[in-house]
Every structure is written in C-alpha cells, then in structure tokens.
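Enquirer: Take a look at the following structure, please.
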Amino acid sequence: MINTTMQDKICLITGGTNGIGKSTAQALAEMGATVVIVGRNASKAAQVVEEIRALTGSKNVAYLLADLSSQRDVRRLADEFKSKYQYLHVLINNAGAANLQRQLSVDRIEMTFALNHLAPFLLTNLLLDTIKASSMARIINVSSDAHAFGKIEFDNLQGERAYGFKTYGNSKLANILFTIELAHRLVGTGVTVNALHPGLVATGFGKNTGGVIASLFGIIAPLVALSPAKGAETSIYLASSASVDGITGKYFYKSRMIPPAAQATDFAVARKLWDVSAEMVHLADGLPLLI
C-alpha cells in the first residue's frame, strides 16, 4: 500500500543532498509529499533528486540551489521558492557545519554563525507569509546536544575573542533560542516550530573542519554513530506525525520531547538574539519584522 501520510504537503529541506537531509527527503517523498531539497552543487543536487525519484517512485522531488552562508543567496532562494510554490507546509532547517578555524562568509560574518544560525533565521522569516498561508504548517530546526556547552555572548557572537568547537555549540544553542522565540511570535497562527538533536550520525559532516579532530571523527564515527536514516527519524517524526500537532517551542531527541540545557530556555537572551540577528541580516531594511 502506498503511504500517503504527507500527500499534498510541500516540504523544503536545506542540506538535502547528503546525510540526514537526504534521508529525510527520501522518507517524506515516500509518504507522498512534494519535496524540494536545497544544495550548493547543481550536479550533486540533480543526482540526489534522481536517486530519490527512483527509490520512491515519486516525481514530486526537485531542488533549488543556494550557498546558505550568503545572505544574498538566501534571499534569492526564498524568492525562487515563492515564485514556484504557493504553500510551504514543512520547512526543515537542516544544513549546518562546524569549523575549527575562524573564517568569514561573503557578508564578512563568521562562517559557523552565518550558516548555522543566521541562514535559517533569515530564510524562515522570508518564507513566513507562505508558511502561514499553509494549513497546519511546521518549522523544524536541526540543532544538537552540543548546545549544552554553548553560551550566547553578545560581545563575542562571531568568535572574535575565542574560537574553537565551542563556536559550533554556540550556534546550536542559537538554533534553540530562535525556536522558542519564534514559537512565541507565532502563537495563534497555526504554525508550530520545534528543534531537535539527531544524535551522532555518520555523514560527511565535519569533513570541512580539518586537522586531527576531523580525522579522528572520520575514523570513530562509522563505528559508533547512527546511520543517516536513523539520524533522520526525529526530523521525519516532527514533519509528519499527528502526535505533535499543536506542540511548539520544544526540543526533541529520539522522537521524544526532552528539556534542553538551561541556557536554551532564557527568554530574555532569545529575544535579544532575535533583535541582533534581524539587524545582522538587514530584516529592518524594507522587510517587515514580526510583531
């Protein structure tokens, strides 16, 4: 029997050409959803789309291209999506990276913060009208248990004073703070937003970090980590399960709601982070801010 759980639903998945994102896209396509994956490389994205179509029998799989570390590309991505689709029932902000050496994006913003936090913040805001026009829409932010050693320091958001793997934890903490603030702002709209930890997953993630840590991760991860399909289970659950209807502003692991670290529940920090992020992506420059 064909699974039609997600029939007539439109899903957008960033980082959909590899690992968790790819497995999530395949599962949702198997459920009957129209799936749009976001990737950086055209040939890789086209290849993944053809693989998913062949595996699922669904023709409703497509891709859009964007370098999510570039705010200009994020804006173009949002415009292109809205020009092709009237609704967006599920947005999964899945793309992410960890860098052990500080580098700047094209916008002169520290790369981990730019890609892991500012990209989903901007993309979500640009697509909000389309999301709110969609019945029972859901926003899903892929975070990490690394948020537990993160700390939002507004005078060191871009790692000017200290840089290392903790910067990744800071960005994942920002994902959850964004989630709880957005949930507050979306009350009454019918749109829910939740964050999740996928677990340690054996994917290409971390290869860009370089050095000894990346090498060790490459050796150890295949031995102890989850497969991408297992790591994608919580994303798939949050995207498709009726069990989470109406649940918003929460954090999940292994398809169960769990409490995040204490610093991820600081509403004052969440609100300030929102305001600072909006300024960094120029949402105030001719674009409406949420009220």
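Letters for chains follow the order of the structure tokens (A, B, ...), residue numbers begin at 1 for each chain, and ligand numbers begin at 1 in the order shown.
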Tell me, as a list of chain:residue names, which residues lie within 8 Å of region 19-29 of chain A, counting only C-alpha atoms; anything in the same chain fewer than 5 positions away does not count.
Expert: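 Near region 19-29 of chain A, the qualifying residues are A:Met6, A:Ile13, A:Thr14, A:Thr34, A:Val35, A:Val36, A:Ile37, A:Val48, A:Ile52, A:Leu55, A:Thr56, A:Ser58, A:Asn60, A:Val61, A:Asn94, A:Ala95, A:Val201, A:Ala202, A:Thr203, A:Gly204, A:Pro228, A:Ala229, A:Gly231, A:Ala232, A:Glu233, A:Ser235, A:Ile236, A:Ser240.
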Enquirer: Quick one: everything within 12 Å of Ile247 (chain A), counting only C-alpha atoms, minus sequence neighbours fewer than 2 positions away in the same chain. Send it as a ChimeraX atom specification.
Expert: /A:136-140,180,183-184,186-187,190-195,238-239,241-245,249-252,256-257
Enquirer: Next, write the just-selected residues to a file, as a PDB file, in the first residue's frame, keeping C-alpha atoms as the atom set.
Expert:
ATOM      1  CA  MET A 136      -1.016  23.125   9.874  1.00  0.00           C
ATOM      2  CA  ALA A 137       2.474  24.211   8.825  1.00  0.00           C
ATOM      3  CA  ARG A 138       5.591  23.175  10.714  1.00  0.00           C
ATOM      4  CA  ILE A 139       9.090  24.611  11.041  1.00  0.00           C
ATOM      5  CA  ILE A 140      11.813  22.221  12.199  1.00  0.00           C
ATOM      6  CA  ILE A 180      11.450  29.326  21.367  1.00  0.00           C
ATOM      7  CA  ALA A 183       7.179  29.884  18.717  1.00  0.00           C
ATOM      8  CA  HIS A 184       6.186  32.800  20.948  1.00  0.00           C
ATOM      9  CA  LEU A 186       3.711  32.541  16.026  1.00  0.00           C
ATOM     10  CA  VAL A 187       1.103  31.899  18.722  1.00  0.00           C
ATOM     11  CA  GLY A 190      -1.440  27.628  13.447  1.00  0.00           C
ATOM     12  CA  VAL A 191       2.267  27.303  12.671  1.00  0.00           C
ATOM     13  CA  THR A 192       4.464  25.283  15.017  1.00  0.00           C
ATOM     14  CA  VAL A 193       8.228  25.330  15.370  1.00  0.00           C
ATOM     15  CA  ASN A 194      10.401  22.806  17.172  1.00  0.00           C
ATOM     16  CA  ALA A 195      14.089  21.922  17.430  1.00  0.00           C
ATOM     17  CA  LEU A 238       8.342  16.156  13.612  1.00  0.00           C
ATOM     18  CA  ALA A 239       7.469  16.723   9.954  1.00  0.00           C
ATOM     19  CA  SER A 241       3.409  12.751  12.940  1.00  0.00           C
ATOM     20  CA  ALA A 242      -0.047  13.742  14.160  1.00  0.00           C
ATOM     21  CA  SER A 243       1.330  13.230  17.681  1.00  0.00           C
ATOM     22  CA  VAL A 244       2.997  16.647  17.567  1.00  0.00           C
ATOM     23  CA  ASP A 245       0.021  18.606  16.250  1.00  0.00           C
ATOM     24  CA  GLY A 249       8.725  25.726  21.042  1.00  0.00           C
ATOM     25  CA  LYS A 250      10.057  22.354  22.224  1.00  0.00           C
ATOM     26  CA  TYR A 251      13.213  20.279  21.866  1.00  0.00           C
ATOM     27  CA  PHE A 252      13.218  16.625  20.765  1.00  0.00           C
ATOM     28  CA  ARG A 256      10.637  12.369  22.309  1.00  0.00           C
ATOM     29  CA  MET A 257      10.334  15.782  23.893  1.00  0.00           C
TER      30      MET A 257
END
Enquirer: What are the DSSP strand (DSSP E or B) residues of region 4-200 of chain A, as a ChimeraX atom specification?
Expert: /A:10-14,34-39,61-65,90-93,104,110,138-142,192-197
Enquirer: Would you write out those residues with C-alpha atoms, as a short mmCIF file (atom, residue, chain, number, x, y, z; two decimals), in the first residue's frame?
Expert:
data_model
loop_
_atom_site.label_atom_id
_atom_site.label_comp_id
_atom_site.auth_asym_id
_atom_site.auth_seq_id
_atom_site.Cartn_x
_atom_site.Cartn_y
_atom_site.Cartn_z
CA ILE A 10 5.09 20.72 0.30
CA CYS A 11 8.39 20.37 2.16
CA LEU A 12 11.60 22.38 1.83
CA ILE A 13 14.77 20.82 3.27
CA THR A 14 18.10 22.62 3.45
CA THR A 34 6.28 17.24 -2.68
CA VAL A 35 9.91 17.59 -1.60
CA VAL A 36 12.28 20.39 -2.52
CA ILE A 37 15.88 19.99 -1.41
CA VAL A 38 18.42 22.80 -1.18
CA GLY A 39 22.00 22.19 -2.20
CA VAL A 61 11.03 15.83 -5.95
CA ALA A 62 13.00 18.90 -7.02
CA TYR A 63 15.96 21.01 -6.00
CA LEU A 64 16.94 24.64 -5.59
CA LEU A 65 20.48 25.94 -5.38
CA VAL A 90 7.11 21.89 6.29
CA LEU A 91 10.38 23.83 6.44
CA ILE A 92 13.31 21.82 7.75
CA ASN A 93 16.37 23.93 8.52
CA LEU A 104 34.31 34.79 7.27
CA GLU A 110 31.93 34.33 11.00
CA ARG A 138 5.59 23.17 10.71
CA ILE A 139 9.09 24.61 11.04
CA ILE A 140 11.81 22.22 12.20
CA ASN A 141 15.27 23.36 13.26
CA VAL A 142 18.01 20.73 13.45
CA THR A 192 4.46 25.28 15.02
CA VAL A 193 8.23 25.33 15.37
CA ASN A 194 10.40 22.81 17.17
CA ALA A 195 14.09 21.92 17.43
CA LEU A 196 15.81 18.56 17.65
CA HIS A 197 19.05 16.72 18.28
#
Enquirer: When DSSP is applied to the backbone of this structure, which of region 22-237 of chain A are assigned alpha helix (DSSP H)? Write them out as a ChimeraX atom specification.
Expert: /A:22-30,42-56,71-84,111-113,119-132,166-185,211-224,228-231,233-237
Enquirer: Next, dump the selected residues to file, keeping only C-alpha atoms, as a compact mmCIF listing (two decimals), in the first residue's frame.
Expert:
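This went into out.txt:
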# COMPACT_ATOMS: atom_id res chain seq x y z
CA LYS A 22 18.84 13.34 2.09
CA SER A 23 17.33 10.56 4.22
CA THR A 24 14.61 12.93 5.45
CA ALA A 25 13.81 13.97 1.89
CA GLN A 26 13.51 10.35 0.76
CA ALA A 27 11.23 9.40 3.64
CA LEU A 28 8.89 12.35 3.10
CA ALA A 29 8.78 11.64 -0.64
CA GLU A 30 7.80 8.05 0.19
CA ALA A 42 23.88 21.59 -9.26
CA SER A 43 25.16 18.23 -10.47
CA LYS A 44 25.09 16.73 -6.95
CA ALA A 45 21.58 18.07 -6.31
CA ALA A 46 20.29 16.77 -9.63
CA GLN A 47 21.82 13.36 -8.94
CA VAL A 48 20.19 13.16 -5.49
CA VAL A 49 16.82 14.17 -6.90
CA GLU A 50 17.03 11.40 -9.50
CA GLU A 51 18.06 8.89 -6.81
CA ILE A 52 15.11 9.80 -4.59
CA ARG A 53 12.70 9.69 -7.52
CA ALA A 54 13.96 6.23 -8.48
CA LEU A 55 13.83 4.90 -4.92
CA THR A 56 10.39 6.30 -4.08
CA GLN A 71 22.51 36.35 2.66
CA ARG A 72 22.03 37.31 -0.97
CA ASP A 73 21.71 33.64 -1.90
CA VAL A 74 19.25 33.02 0.94
CA ARG A 75 17.08 35.88 -0.32
CA ARG A 76 17.26 34.58 -3.89
CA LEU A 77 16.35 31.08 -2.66
CA ALA A 78 13.28 32.39 -0.84
CA ASP A 79 12.16 34.38 -3.88
CA GLU A 80 12.67 31.40 -6.19
CA PHE A 81 10.72 29.09 -3.90
CA LYS A 82 7.82 31.55 -3.61
CA SER A 83 7.75 32.00 -7.39
CA LYS A 84 7.23 28.25 -7.84
CA MET A 111 31.04 31.28 8.91
CA THR A 112 29.61 28.92 11.54
CA PHE A 113 27.29 31.58 12.93
CA ALA A 119 20.79 31.39 7.40
CA PRO A 120 17.79 29.57 8.95
CA PHE A 121 16.78 32.76 10.77
CA LEU A 122 16.67 34.74 7.53
CA LEU A 123 15.21 32.00 5.34
CA THR A 124 12.42 31.27 7.82
CA ASN A 125 11.49 34.94 8.11
CA LEU A 126 11.46 35.40 4.34
CA LEU A 127 9.16 32.39 3.92
CA LEU A 128 6.85 33.10 6.86
CA ASP A 129 3.97 34.52 4.83
CA THR A 130 3.97 31.42 2.64
CA ILE A 131 4.24 29.17 5.69
CA LYS A 132 1.39 30.93 7.50
CA LYS A 166 32.56 25.73 21.26
CA THR A 167 31.59 28.13 18.46
CA TYR A 168 29.59 25.28 16.96
CA GLY A 169 27.85 24.73 20.30
CA ASN A 170 27.01 28.43 20.44
CA SER A 171 25.38 28.24 17.01
CA LYS A 172 23.34 25.19 18.01
CA LEU A 173 22.24 26.99 21.19
CA ALA A 174 21.17 29.87 18.94
CA ASN A 175 19.01 27.40 16.97
CA ILE A 176 17.00 26.54 20.08
CA LEU A 177 16.73 30.13 21.29
CA PHE A 178 15.47 31.07 17.81
CA THR A 179 12.96 28.23 18.06
CA ILE A 180 11.45 29.33 21.37
CA GLU A 181 11.29 33.00 20.37
CA LEU A 182 9.70 32.18 17.01
CA ALA A 183 7.18 29.88 18.72
CA HIS A 184 6.19 32.80 20.95
CA ARG A 185 5.77 35.10 17.95
CA GLY A 211 43.00 18.69 11.40
CA VAL A 212 43.32 15.90 13.93
CA ILE A 213 39.78 16.16 15.31
CA ALA A 214 38.24 15.73 11.87
CA SER A 215 40.48 12.74 11.18
CA LEU A 216 39.52 11.10 14.47
CA PHE A 217 35.85 11.79 13.82
CA GLY A 218 36.17 10.15 10.41
CA ILE A 219 37.63 7.02 11.99
CA ILE A 220 35.40 6.76 15.06
CA ALA A 221 32.05 7.94 13.73
CA PRO A 222 31.40 4.96 11.41
CA LEU A 223 31.98 2.63 14.39
CA VAL A 224 29.65 4.28 16.92
CA PRO A 228 21.78 8.86 8.27
CA ALA A 229 18.41 7.07 8.08
CA LYS A 230 18.34 6.59 11.86
CA GLY A 231 19.56 10.13 12.46
CA GLU A 233 13.98 9.75 12.26
CA THR A 234 13.25 12.66 14.60
CA SER A 235 13.13 15.14 11.71
CA ILE A 236 10.71 12.84 9.89
CA TYR A 237 8.62 12.42 13.03
Enquirer: One number please: CA of Tyr85 (chain A) to CA of Ser135 (chain A), in Å, one decimal.
Expert: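 So the answer is 14.2 Å.
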Enquirer: Between CA of Ala114 (chain A) and CA of Arg40 (chain A), what is the spacing in Å?
Expert: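 Result for CA of Arg40 (chain A) versus CA of Ala114 (chain A): 15.4 Å, one decimal.
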Enquirer: Go through A:Phe154, A:Gly32, A:Ala162, A:Pro260 one by one, measure the shortest atom-to-atom distance of each to Asp275 (chain A) using only C-alpha atoms, and give the residue with the smallest value.
Expert: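 Distance minimum relative to Asp275 (chain A) lands on A:Phe154.
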Enquirer: Between A:Trp274, A:Ser144, A:His89, A:Leu68, which residue has the minimum interatomic distance to Gln7 (chain A), considering only C-alpha atoms?
Expert: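 Closest to Gln7 (chain A) of all the choices is A:His89.
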